[in-house]
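*Asks:* To be precise about what I am sending: the file is called protein-v9.pdb and holds PDB, C-alpha atoms.
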ATOM      1  CA  MET A   1      29.897-130.822  25.049
ATOM      2  CA  ASN A   2      28.919-128.662  22.026
ATOM      3  CA  LEU A   3      28.910-129.744  18.364
ATOM      4  CA  ALA A   4      29.336-127.206  15.576
ATOM      5  CA  ILE A   5      30.098-127.214  11.852
ATOM      6  CA  ALA A   6      33.149-125.196  10.863
ATOM      7  CA  PHE A   7      34.312-124.332   7.327
ATOM      8  CA  THR A   8      37.966-124.023   6.292
ATOM      9  CA  PRO A   9      37.872-123.120   2.562
ATOM     10  CA  LEU A  10      40.581-124.634   0.366
ATOM     11  CA  ILE A  11      40.620-121.559  -1.873
ATOM     12  CA  ASP A  12      39.554-117.954  -1.500
ATOM     13  CA  PRO A  13      35.836-117.764  -0.559
ATOM     14  CA  LEU A  14      35.252-115.285  -3.413
ATOM     15  CA  TRP A  15      36.399-117.887  -5.911
ATOM     16  CA  ILE A  16      34.156-120.481  -4.303
ATOM     17  CA  ALA A  17      31.217-118.072  -4.580
ATOM     18  CA  ALA A  18      31.959-117.408  -8.257
ATOM     19  CA  LEU A  19      32.309-121.112  -9.029
ATOM     20  CA  GLY A  20      29.136-121.771  -7.070
ATOM     21  CA  VAL A  21      27.193-119.337  -9.244
ATOM     22  CA  LEU A  22      28.538-120.952 -12.416
ATOM     23  CA  ALA A  23      27.795-124.447 -11.079
ATOM     24  CA  ALA A  24      24.254-123.428 -10.145
ATOM     25  CA  VAL A  25      23.637-122.013 -13.641
ATOM     26  CA  ALA A  26      25.047-125.176 -15.261
ATOM     27  CA  ALA A  27      22.996-127.459 -13.005
ATOM     28  CA  LEU A  28      19.826-125.464 -13.663
ATOM     29  CA  ALA A  29      20.397-125.607 -17.427
ATOM     30  CA  ALA A  30      20.954-129.376 -17.253
ATOM     31  CA  LEU A  31      17.785-129.891 -15.243
ATOM     32  CA  LEU A  32      15.718-127.745 -17.592
ATOM     33  CA  SER A  33      17.019-129.623 -20.638
ATOM     34  CA  ARG A  34      16.024-132.917 -18.965
ATOM     35  CA  GLY A  35      19.013-134.618 -20.501
ATOM     36  CA  PRO A  36      20.215-138.010 -19.292
ATOM     37  CA  GLY A  37      22.256-137.815 -16.080
ATOM     38  CA  SER A  38      21.397-134.163 -15.381
ATOM     39  CA  ILE A  39      20.530-134.898 -11.744
ATOM     40  CA  LEU A  40      23.823-136.731 -11.215
ATOM     41  CA  ARG A  41      25.788-133.856 -12.790
ATOM     42  CA  ALA A  42      24.003-131.324 -10.537
ATOM     43  CA  GLY A  43      24.742-133.463  -7.490
ATOM     44  CA  ALA A  44      28.402-133.789  -8.488
ATOM     45  CA  LEU A  45      28.723-130.009  -8.837
ATOM     46  CA  ALA A  46      27.148-129.535  -5.397
ATOM     47  CA  LEU A  47      29.558-132.044  -3.858
ATOM     48  CA  LEU A  48      32.475-130.266  -5.541
ATOM     49  CA  MET A  49      31.435-126.929  -4.041
ATOM     50  CA  LEU A  50      31.024-128.576  -0.658
ATOM     51  CA  ALA A  51      34.490-130.137  -0.904
ATOM     52  CA  LEU A  52      36.030-126.743  -1.726
ATOM     53  CA  ALA A  53      34.351-125.279   1.382
ATOM     54  CA  ASN A  54      36.044-128.048   3.433
ATOM     55  CA  PRO A  55      33.443-128.484   6.202
ATOM     56  CA  SER A  56      34.310-130.182   9.480
ATOM     57  CA  ILE A  57      32.488-131.040  12.667
ATOM     58  CA  ARG A  58      33.931-129.348  15.751
ATOM     59  CA  ARG A  59      33.326-130.790  19.160
ATOM     60  CA  GLU A  60      33.912-128.449  22.096
ATOM     61  CA  GLU A  61      34.200-129.519  25.674
ATOM     62  CA  ARG A  62      33.741-126.516  27.938
ATOM     63  CA  GLU A  63      34.454-126.335  31.623
ATOM     64  CA  GLN A  64      32.858-123.556  33.644
ATOM     65  CA  LEU A  65      35.399-121.303  35.345
ATOM     66  CA  PRO A  66      34.717-120.053  38.867
ATOM     67  CA  GLY A  67      33.799-116.435  39.446
ATOM     68  CA  VAL A  68      36.410-114.231  41.087
ATOM     69  CA  VAL A  69      35.698-112.302  44.283
ATOM     70  CA  ALA A  70      38.387-109.753  45.140
ATOM     71  CA  VAL A  71      38.871-108.729  48.765
ATOM     72  CA  VAL A  72      40.988-105.576  49.107
ATOM     73  CA  VAL A  73      42.339-105.027  52.625
ATOM     74  CA  ASP A  74      43.495-101.515  53.512
ATOM     75  CA  ARG A  75      46.914-101.722  55.219
ATOM     76  CA  SER A  76      47.626 -97.990  55.362
ATOM     77  CA  GLN A  77      48.912 -96.180  58.434
ATOM     78  CA  SER A  78      45.471 -94.876  59.400
ATOM     79  CA  GLN A  79      44.283 -98.479  59.751
ATOM     80  CA  THR A  80      46.543 -98.922  62.786
ATOM     81  CA  LEU A  81      44.663 -96.313  64.852
ATOM     82  CA  ALA A  82      41.995 -96.840  67.505
ATOM     83  CA  GLY A  83      41.764-100.621  67.206
ATOM     84  CA  ARG A  84      41.130-100.606  63.456
ATOM     85  CA  ALA A  85      43.823-103.225  62.840
ATOM     86  CA  ARG A  86      42.023-105.619  65.185
ATOM     87  CA  GLN A  87      38.705-104.915  63.462
ATOM     88  CA  THR A  88      40.299-105.479  60.063
ATOM     89  CA  GLU A  89      41.655-108.887  61.035
ATOM     90  CA  ALA A  90      38.288-109.898  62.525
ATOM     91  CA  VAL A  91      36.481-108.914  59.314
ATOM     92  CA  ARG A  92      39.076-110.711  57.195
ATOM     93  CA  THR A  93      38.660-113.907  59.207
ATOM     94  CA  ALA A  94      34.856-113.736  58.968
ATOM     95  CA  LEU A  95      34.978-113.144  55.205
ATOM     96  CA  ALA A  96      37.389-116.027  54.664
ATOM     97  CA  GLU A  97      35.097-118.364  56.592
ATOM     98  CA  ARG A  98      31.959-117.321  54.687
ATOM     99  CA  LEU A  99      33.537-117.252  51.249
ATOM    100  CA  SER A 100      34.979-120.728  51.772
ATOM    101  CA  ARG A 101      31.421-122.100  51.887
ATOM    102  CA  MET A 102      30.608-120.835  48.399
ATOM    103  CA  HIS A 103      31.095-123.105  45.397
ATOM    104  CA  ASP A 104      32.613-122.010  42.096
ATOM    105  CA  VAL A 105      34.180-118.938  43.705
ATOM    106  CA  GLU A 106      37.846-117.989  43.536
ATOM    107  CA  VAL A 107      38.871-115.505  46.231
ATOM    108  CA  ARG A 108      41.661-113.011  45.525
ATOM    109  CA  TRP A 109      43.114-111.419  48.682
ATOM    110  CA  ILE A 110      44.757-108.078  47.889
ATOM    111  CA  ASP A 111      46.646-106.085  50.525
ATOM    112  CA  ALA A 112      46.885-102.363  49.741
ATOM    113  CA  ALA A 113      49.646-100.681  51.720
ATOM    114  CA  GLY A 114      49.619 -96.902  52.042
ATOM    115  CA  THR A 115      52.354 -95.044  50.168
ATOM    116  CA  SER A 116      55.012 -93.098  51.998
ATOM    117  CA  GLY A 117      54.651 -90.104  49.679
ATOM    118  CA  SER A 118      51.747 -87.737  49.159
ATOM    119  CA  ASP A 119      49.667 -90.103  47.008
ATOM    120  CA  GLY A 120      47.726 -91.426  49.998
ATOM    121  CA  THR A 121      45.836 -94.721  50.096
ATOM    122  CA  ARG A 122      45.275 -96.158  46.608
ATOM    123  CA  LEU A 123      42.950 -99.140  46.931
ATOM    124  CA  PHE A 124      41.695 -99.133  43.350
ATOM    125  CA  GLU A 125      45.235 -99.126  41.986
ATOM    126  CA  ALA A 126      45.989-102.215  44.077
ATOM    127  CA  LEU A 127      42.713-103.769  42.878
ATOM    128  CA  SER A 128      43.673-103.186  39.242
ATOM    129  CA  ARG A 129      47.050-104.862  39.764
ATOM    130  CA  GLY A 130      45.517-107.800  41.623
ATOM    131  CA  LEU A 131      42.953-108.480  38.868
ATOM    132  CA  ALA A 132      45.210-107.751  35.894
ATOM    133  CA  ASP A 133      45.057-111.382  34.698
ATOM    134  CA  VAL A 134      41.301-111.838  35.233
ATOM    135  CA  PRO A 135      38.794-111.130  32.420
ATOM    136  CA  SER A 136      36.161-108.614  33.451
ATOM    137  CA  GLU A 137      33.392-111.187  32.814
ATOM    138  CA  ARG A 138      34.769-113.438  35.574
ATOM    139  CA  ILE A 139      34.755-110.753  38.282
ATOM    140  CA  GLY A 140      31.770-111.442  40.517
ATOM    141  CA  ALA A 141      32.218-108.873  43.287
ATOM    142  CA  VAL A 142      34.745-106.657  45.034
ATOM    143  CA  LEU A 143      34.896-106.261  48.807
ATOM    144  CA  MET A 144      36.967-103.505  50.424
ATOM    145  CA  VAL A 145      37.904-103.474  54.099
ATOM    146  CA  THR A 146      38.959 -99.895  54.822
ATOM    147  CA  ASP A 147      38.476 -96.877  57.054
ATOM    148  CA  GLY A 148      37.165 -94.898  54.081
ATOM    149  CA  ARG A 149      40.277 -92.772  53.510
ATOM    150  CA  VAL A 150      40.811 -93.619  49.828
ATOM    151  CA  HIS A 151      42.539 -91.237  47.424
ATOM    152  CA  ASP A 152      42.080 -92.871  44.004
ATOM    153  CA  ILE A 153      38.304 -93.357  43.734
ATOM    154  CA  PRO A 154      37.337 -93.449  40.016
ATOM    155  CA  ALA A 155      35.252 -90.617  38.622
ATOM    156  CA  ASN A 156      32.468 -93.014  37.597
ATOM    157  CA  ALA A 157      31.582 -96.702  37.601
ATOM    158  CA  ALA A 158      32.600 -97.128  33.953
ATOM    159  CA  ALA A 159      36.204 -96.312  34.863
ATOM    160  CA  LEU A 160      36.390 -99.494  36.945
ATOM    161  CA  GLY A 161      36.518-101.678  33.845
ATOM    162  CA  PHE A 162      34.035-104.263  35.135
ATOM    163  CA  ALA A 163      30.330-104.439  35.964
ATOM    164  CA  ALA A 164      30.559-106.280  39.293
ATOM    165  CA  PRO A 165      29.334-104.566  42.474
ATOM    166  CA  VAL A 166      31.809-102.997  44.919
ATOM    167  CA  HIS A 167      31.044-103.343  48.633
ATOM    168  CA  VAL A 168      32.828-101.426  51.412
ATOM    169  CA  LEU A 169      33.209-102.698  54.966
ATOM    170  CA  LEU A 170      34.128 -99.685  57.119
ATOM    171  CA  THR A 171      36.357 -99.977  60.147
ATOM    172  CA  GLY A 172      36.292 -97.561  63.067
ATOM    173  CA  HIS A 173      33.506 -96.193  65.273
ATOM    174  CA  ASP A 174      30.806 -93.543  64.981
ATOM    175  CA  SER A 175      32.239 -91.513  67.867
ATOM    176  CA  GLU A 176      35.771 -91.119  66.493
ATOM    177  CA  ARG A 177      37.240 -87.623  66.652
ATOM    178  CA  ASP A 178      40.416 -86.143  65.216
ATOM    179  CA  ARG A 179      42.118 -82.742  65.311
ATOM    180  CA  ARG A 180      44.634 -81.337  62.858
ATOM    181  CA  VAL A 181      46.386 -78.080  62.016
ATOM    182  CA  VAL A 182      45.939 -76.815  58.451
ATOM    183  CA  LEU A 183      48.458 -74.322  57.015
ATOM    184  CA  HIS A 184      47.624 -71.795  54.299
ATOM    185  CA  ASN A 185      50.565 -70.677  52.127
ATOM    186  CA  PRO A 186      53.418 -70.688  54.680
ATOM    187  CA  PRO A 187      56.310 -68.397  53.630
ATOM    188  CA  ARG A 188      59.263 -70.142  52.021
ATOM    189  CA  PHE A 189      61.727 -67.220  52.193
ATOM    190  CA  GLY A 190      62.267 -64.201  54.382
ATOM    191  CA  ILE A 191      64.862 -61.469  54.873
ATOM    192  CA  LEU A 192      66.654 -61.595  58.213
ATOM    193  CA  GLY A 193      64.939 -59.474  60.833
ATOM    194  CA  ASP A 194      61.720 -59.121  58.820
ATOM    195  CA  LYS A 195      58.388 -60.472  59.970
ATOM    196  CA  LYS A 196      56.256 -62.717  57.780
ATOM    197  CA  THR A 197      52.623 -63.699  58.194
ATOM    198  CA  VAL A 198      51.253 -67.227  58.170
ATOM    199  CA  THR A 199      47.624 -68.334  58.327
ATOM    200  CA  PHE A 200      46.509 -71.570  59.938
ATOM    201  CA  ARG A 201      43.315 -73.254  61.084
ATOM    202  CA  VAL A 202      42.594 -75.833  63.766
ATOM    203  CA  ALA A 203      40.195 -78.313  62.132
ATOM    204  CA  ASP A 204      38.273 -80.981  64.028
ATOM    205  CA  THR A 205      36.579 -83.957  62.399
ATOM    206  CA  PHE A 206      34.021 -86.299  63.859
ATOM    207  CA  SER A 207      33.238 -89.629  62.188
ATOM    208  CA  GLY A 208      34.830 -88.401  58.974
ATOM    209  CA  GLU A 209      32.721 -85.225  58.825
ATOM    210  CA  PRO A 210      34.359 -81.792  59.181
ATOM    211  CA  SER A 211      33.221 -79.278  61.793
ATOM    212  CA  ALA A 212      32.418 -81.845  64.465
ATOM    213  CA  THR A 213      33.594 -79.253  66.971
ATOM    214  CA  PRO A 214      31.598 -76.067  66.382
ATOM    215  CA  VAL A 215      33.399 -72.851  65.511
ATOM    216  CA  GLY A 216      34.013 -70.986  68.751
ATOM    217  CA  GLU A 217      35.560 -73.702  70.909
ATOM    218  CA  ARG A 218      38.816 -72.448  72.357
ATOM    219  CA  VAL A 219      41.952 -74.405  71.524
ATOM    220  CA  ARG A 220      45.398 -73.683  72.973
ATOM    221  CA  VAL A 221      48.078 -73.458  70.286
ATOM    222  CA  HIS A 222      51.856 -73.448  70.805
ATOM    223  CA  ILE A 223      54.102 -71.653  68.296
ATOM    224  CA  ARG A 224      57.780 -72.643  68.198
ATOM    225  CA  ARG A 225      60.870 -71.770  66.175
ATOM    226  CA  ASP A 226      63.714 -74.279  66.035
ATOM    227  CA  GLY A 227      62.182 -76.084  69.001
ATOM    228  CA  GLN A 228      61.980 -72.975  71.216
ATOM    229  CA  GLU A 229      58.618 -71.666  72.391
ATOM    230  CA  LEU A 230      57.744 -68.307  70.816
ATOM    231  CA  ALA A 231      54.153 -67.855  71.921
ATOM    232  CA  THR A 232      51.029 -69.587  73.175
ATOM    233  CA  ARG A 233      47.641 -68.500  71.895
ATOM    234  CA  LEU A 234      44.018 -69.393  72.387
ATOM    235  CA  VAL A 235      42.274 -69.670  69.019
ATOM    236  CA  MET A 236      38.791 -70.615  67.899
ATOM    237  CA  SER A 237      38.514 -73.981  66.215
ATOM    238  CA  GLY A 238      37.421 -73.843  62.608
ATOM    239  CA  GLU A 239      38.505 -70.216  62.127
ATOM    240  CA  ASN A 240      41.471 -68.978  60.109
ATOM    241  CA  VAL A 241      44.092 -67.340  62.322
ATOM    242  CA  THR A 242      46.915 -65.127  61.028
ATOM    243  CA  ILE A 243      50.108 -64.660  63.051
ATOM    244  CA  GLU A 244      53.454 -62.945  62.510
ATOM    245  CA  ILE A 245      56.738 -64.837  62.623
ATOM    246  CA  GLU A 246      60.251 -63.406  62.560
ATOM    247  CA  VAL A 247      63.054 -64.840  60.458
ATOM    248  CA  ASP A 248      65.803 -65.000  63.065
ATOM    249  CA  HIS A 249      68.844 -66.378  61.260
ATOM    250  CA  GLY A 250      70.167 -67.362  57.877
ATOM    251  CA  GLY A 251      69.394 -70.783  56.469
ATOM    252  CA  GLN A 252      66.339 -72.768  57.461
ATOM    253  CA  ASN A 253      64.118 -71.464  60.258
ATOM    254  CA  ILE A 254      61.927 -74.383  61.366
ATOM    255  CA  PHE A 255      58.531 -73.237  62.647
ATOM    256  CA  GLU A 256      56.045 -75.483  64.400
ATOM    257  CA  ILE A 257      52.384 -74.831  65.212
ATOM    258  CA  GLU A 258      50.894 -77.390  67.597
ATOM    259  CA  ALA A 259      47.334 -77.622  68.912
ATOM    260  CA  GLU A 260      46.611 -79.291  72.219
ATOM    261  CA  ALA A 261      44.974 -82.701  72.011
ATOM    262  CA  ALA A 262      41.193 -82.954  72.040
ATOM    263  CA  GLU A 263      39.449 -85.313  74.403
ATOM    264  CA  GLY A 264      39.049 -88.777  72.904
ATOM    265  CA  GLU A 265      40.746 -88.103  69.563
ATOM    266  CA  ILE A 266      42.139 -91.119  67.754
ATOM    267  CA  THR A 267      45.671 -89.740  67.241
ATOM    268  CA  THR A 268      47.745 -86.655  68.006
ATOM    269  CA  ALA A 269      50.201 -87.247  65.156
ATOM    270  CA  ASN A 270      48.567 -84.555  63.001
ATOM    271  CA  ASN A 271      48.002 -82.013  65.800
ATOM    272  CA  ARG A 272      51.028 -80.069  64.652
ATOM    273  CA  ALA A 273      52.165 -78.563  61.381
ATOM    274  CA  VAL A 274      55.801 -77.839  60.564
ATOM    275  CA  PHE A 275      57.210 -75.615  57.840
ATOM    276  CA  ALA A 276      60.630 -74.177  56.999
ATOM    277  CA  THR A 277      61.368 -70.582  56.017
ATOM    278  CA  GLU A 278      64.724 -69.860  54.418
ATOM    279  CA  GLY A 279      66.429 -66.830  55.972
ATOM    280  CA  ILE A 280      68.331 -64.697  53.484
ATOM    281  CA  ARG A 281      70.376 -61.538  53.940
ATOM    282  CA  GLN A 282      69.409 -58.459  52.018
ATOM    283  CA  ASN A 283      73.068 -57.706  51.230
ATOM    284  CA  LEU A 284      76.179 -59.586  52.291
ATOM    285  CA  ARG A 285      78.857 -57.245  53.675
ATOM    286  CA  VAL A 286      82.402 -58.370  52.892
ATOM    287  CA  LEU A 287      85.589 -56.726  54.148
ATOM    288  CA  LEU A 288      88.592 -57.412  51.911
ATOM    289  CA  VAL A 289      91.899 -56.617  53.600
ATOM    290  CA  SER A 290      95.020 -56.641  51.423
ATOM    291  CA  GLY A 291      98.687 -55.956  52.105
ATOM    292  CA  GLU A 292     101.484 -56.017  49.590
ATOM    293  CA  PRO A 293     100.400 -56.403  45.945
ATOM    294  CA  HIS A 294      99.423 -59.931  44.937
ATOM    295  CA  ALA A 295      98.071 -61.427  41.694
ATOM    296  CA  GLY A 296      95.053 -62.950  43.445
ATOM    297  CA  GLU A 297      93.937 -59.649  45.011
ATOM    298  CA  ARG A 298      92.387 -58.289  41.819
ATOM    299  CA  ALA A 299      90.703 -61.647  41.092
ATOM    300  CA  TRP A 300      89.010 -61.664  44.515
ATOM    301  CA  ARG A 301      88.003 -58.027  44.111
ATOM    302  CA  ASN A 302      86.452 -58.657  40.685
ATOM    303  CA  ILE A 303      84.544 -61.727  41.899
ATOM    304  CA  LEU A 304      83.093 -59.931  44.921
ATOM    305  CA  LYS A 305      82.173 -56.778  43.008
ATOM    306  CA  SER A 306      80.420 -58.804  40.286
ATOM    307  CA  ASP A 307      77.770 -59.986  42.773
ATOM    308  CA  ALA A 308      75.030 -57.391  43.275
ATOM    309  CA  ALA A 309      74.119 -58.968  46.632
ATOM    310  CA  VAL A 310      77.589 -58.240  48.066
ATOM    311  CA  ASP A 311      78.622 -54.924  49.638
ATOM    312  CA  LEU A 312      82.411 -54.890  49.334
ATOM    313  CA  VAL A 313      84.685 -52.801  51.529
ATOM    314  CA  HIS A 314      88.319 -53.014  50.415
ATOM    315  CA  PHE A 315      90.892 -52.012  53.009
ATOM    316  CA  THR A 316      94.576 -51.851  52.110
ATOM    317  CA  ILE A 317      97.227 -51.927  54.793
TER     318      ILE A 317
END
Is it possible to express this structure as structure tokens?

*Replies:*
Amino acid sequence: MNLAIAFTPLIDPLWIAALGVLAAVAALAALLSRGPGSILRAGALALLMLALANPSIRREEREQLPGVVAVVVDRSQSQTLAGRARQTEAVRTALAERLSRMHDVEVRWIDAAGTSGSDGTRLFEALSRGLADVPSERIGAVLMVTDGRVHDIPANAAALGFAAPVHVLLTGHDSERDRRVVLHNPPRFGILGDKKTVTFRVADTFSGEPSATPVGERVRVHIRRDGQELATRLVMSGENVTIEIEVDHGGQNIFEIEAEAAEGEITTANNRAVFATEGIRQNLRVLLVSGEPHAGERAWRNILKSDAAVDLVHFTI
């Protein structure tokens, strides 16, 4: 319990200050003149100023609020690989048991699901939403259970908005390996019959570090168009490889580049890369056959001749 004196002036404080100066001058003059009752008049003026200030005694009863510990659990798709989901649940259970022993601690459990778009795993965005109603002074610590694939890490600690420490509990193993196919500027359009070039690279990672497999290891790569095998090549991992592809038909030509699985890799879901190239004709050849004169014949002829991409041949029977 805390006691404090609070003032709620009855009039504007500037007026009280001005009256206080006048009262002090009058009281001082009365005391210097040593007239009868001068001390009582000075005391009355002081009480008047005090009454205008309207003092009151405030009693505060404060109750200490518990500190908040936020536990952010990564629920993205990559957390389901190689036993990481089992590790995550084991860590969550252990944290819940240990944090329950602490006094004056409020635990906030925040599940951060990975987005289906290209934004990736956004743990800090989920953390911000989960602690939106908590003052920064109450945040005691942040624990993150994740595989380390986080795509919204702040640029600096000040961007977090609180001064509490952030701890990361990593799932996975030191010996994890993954292989993926990286495309460089795949062609979006192509004229029928023409050949386009596409550059790709087979990238291996080991424990989150690139180039786990040294450049020079041979990897078999399958190249397909619309599900049909076009070629099989042996390429060097880590090196950029350029190949030629042919646009076979109009509309979308679906190309697929797939690398064979590496021994012991955690998933083969990203061992292939798919892209679509739109096949377009250089000029569309149209044969217009007409018989007896008709009002719509000239309209069709004008429409077809107005398109520069149309080669019109008009044949009259």

*Asks:* Mind running region 24-114 of chain A against region 139-163 of chain A at 7 Å and telling me each contacting residue's nearest atom pair with the distance in Å (one decimal), counting only C-alpha atoms, chain and number ascending, as CSV?

*Replies:*
residue,atom,partner,partner_atom,distance
A:Gly67,CA,A:Gly140,CA,5.5
A:Val68,CA,A:Ile139,CA,4.8
A:Val69,CA,A:Ala141,CA,5.0
A:Ala70,CA,A:Val142,CA,4.8
A:Val71,CA,A:Leu143,CA,4.7
A:Val72,CA,A:Met144,CA,4.7
A:Val73,CA,A:Val145,CA,4.9
A:Asp74,CA,A:Thr146,CA,5.0
A:Gln79,CA,A:Asp147,CA,6.6
A:Thr88,CA,A:Val145,CA,6.7

*Asks:* If I take CA of Glu60 (chain A) and CA of Leu3 (chain A), how far is one from the other in Å, to one decimal?

*Replies:*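 Interatomic distance, CA of Glu60 (chain A) to CA of Leu3 (chain A): 6.4 Å.
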
*Asks:* Is it possible to get the residues within 12 Å of (26.4, -134.6, -10.2) (coordinates as in the file, counting only C-alpha atoms) written as a ChimeraX atom specification?

*Replies:* /A:23-24,26-28,30-31,36-49

*Asks:* Kindly compute an axis-aligned box around the listed atoms of region 36-43 of chain A, allowing 5 Å on each side, and express its centre and edge lengths in Å to one decimal as AutoDock Vina command-line options.

*Replies:*
--center_x 23.0 --center_y -134.7 --center_z -13.4 --size_x 15.6 --size_y 16.7 --size_z 21.8

*Asks:* Calculate how many Å separate CA of Leu65 (chain A) from CA of Pro135 (chain A), rounding to one decimal.

*Replies:*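 Atom-to-atom, CA of Leu65 (chain A) and CA of Pro135 (chain A) are spaced 11.1 Å apart.
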
*Asks:* For the file shown, what are the residues hit by the PyMOL selection byres ((chain A and resi 291) around 8), laid out as a list of chain:residue names?

*Replies:*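 When the PyMOL selection byres ((chain A and resi 291) around 8) is applied to the shown file, the picked residues are A:Val289, A:Ser290, A:Glu292, A:Pro293, A:Thr316, A:Ile317.
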
*Asks:* What does the file look like for those residues with C-alpha atoms, as a short mmCIF file (atom, residue, chain, number, x, y, z; two decimals), keeping the file's coordinate frame?

*Replies:*
data_model
loop_
_atom_site.label_atom_id
_atom_site.label_comp_id
_atom_site.auth_asym_id
_atom_site.auth_seq_id
_atom_site.Cartn_x
_atom_site.Cartn_y
_atom_site.Cartn_z
CA VAL A 289 91.90 -56.62 53.60
CA SER A 290 95.02 -56.64 51.42
CA GLU A 292 101.48 -56.02 49.59
CA PRO A 293 100.40 -56.40 45.94
CA THR A 316 94.58 -51.85 52.11
CA ILE A 317 97.23 -51.93 54.79
#

*Asks:* Using the chain letters and numbers from the file, give me the residues hit by the PyMOL selection byres ((chain A and resi 250-253) around 9), as a VMD selection string.

*Replies:* chain A and resid 189 191 to 192 225 to 226 247 to 249 254 to 255 275 to 281

*Asks:* Please determine the residues with any atom at most 10 Å from (47.5, -84.7, 60.2) (coordinates as given in the file, with all atoms listed in the file counting) and report them as a list in words.

*Replies:* Asp178, Arg179, Arg180, Val181, Val182, Ala203, Thr267, Thr268, Ala269, Asn270, Asn271, Arg272 and Ala273 of chain A

*Asks:* Could you tell me how far CA of Leu131 (chain A) sits from CA of Ala112 (chain A), in Å to one decimal place?

*Replies:*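 Rounded to one decimal, the two atoms are 13.1 Å apart.
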
*Asks:* What does the PyMOL selection byres ((chain A and resi 80) around 12) select in this file, as JSON, numbers by chain?

*Replies:* {"A": [74, 75, 76, 77, 78, 79, 81, 82, 83, 84, 85, 86, 87, 88, 89, 113, 114, 146, 147, 171, 172, 266, 267]}

*Asks:* Using only C-alpha atoms, which protein or nucleic acid residues come within 12 Å of Val198 (chain A)? Drop anything in the same chain fewer than 3 positions from it, and give the result as a list in words.

*Replies:*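 Listed by chain and then number, they are Val182, Leu183, His184, Asn185, Pro186, Pro187, Arg188, Lys195, Arg201, Ile223, Asn240, Val241, Thr242, Ile243, Glu244, Ile245, Glu246, Phe255, Glu256, Ile257, Ala273, Val274, Phe275, Ala276 and Thr277 of chain A.
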
*Asks:* When you count all atoms listed in the file, which of these residues is closest to Ala6 (chain A): A:Val107, A:Ala261, A:Val310, A:Ala53?

*Replies:*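 The closest residue to Ala6 (chain A) is A:Ala53.
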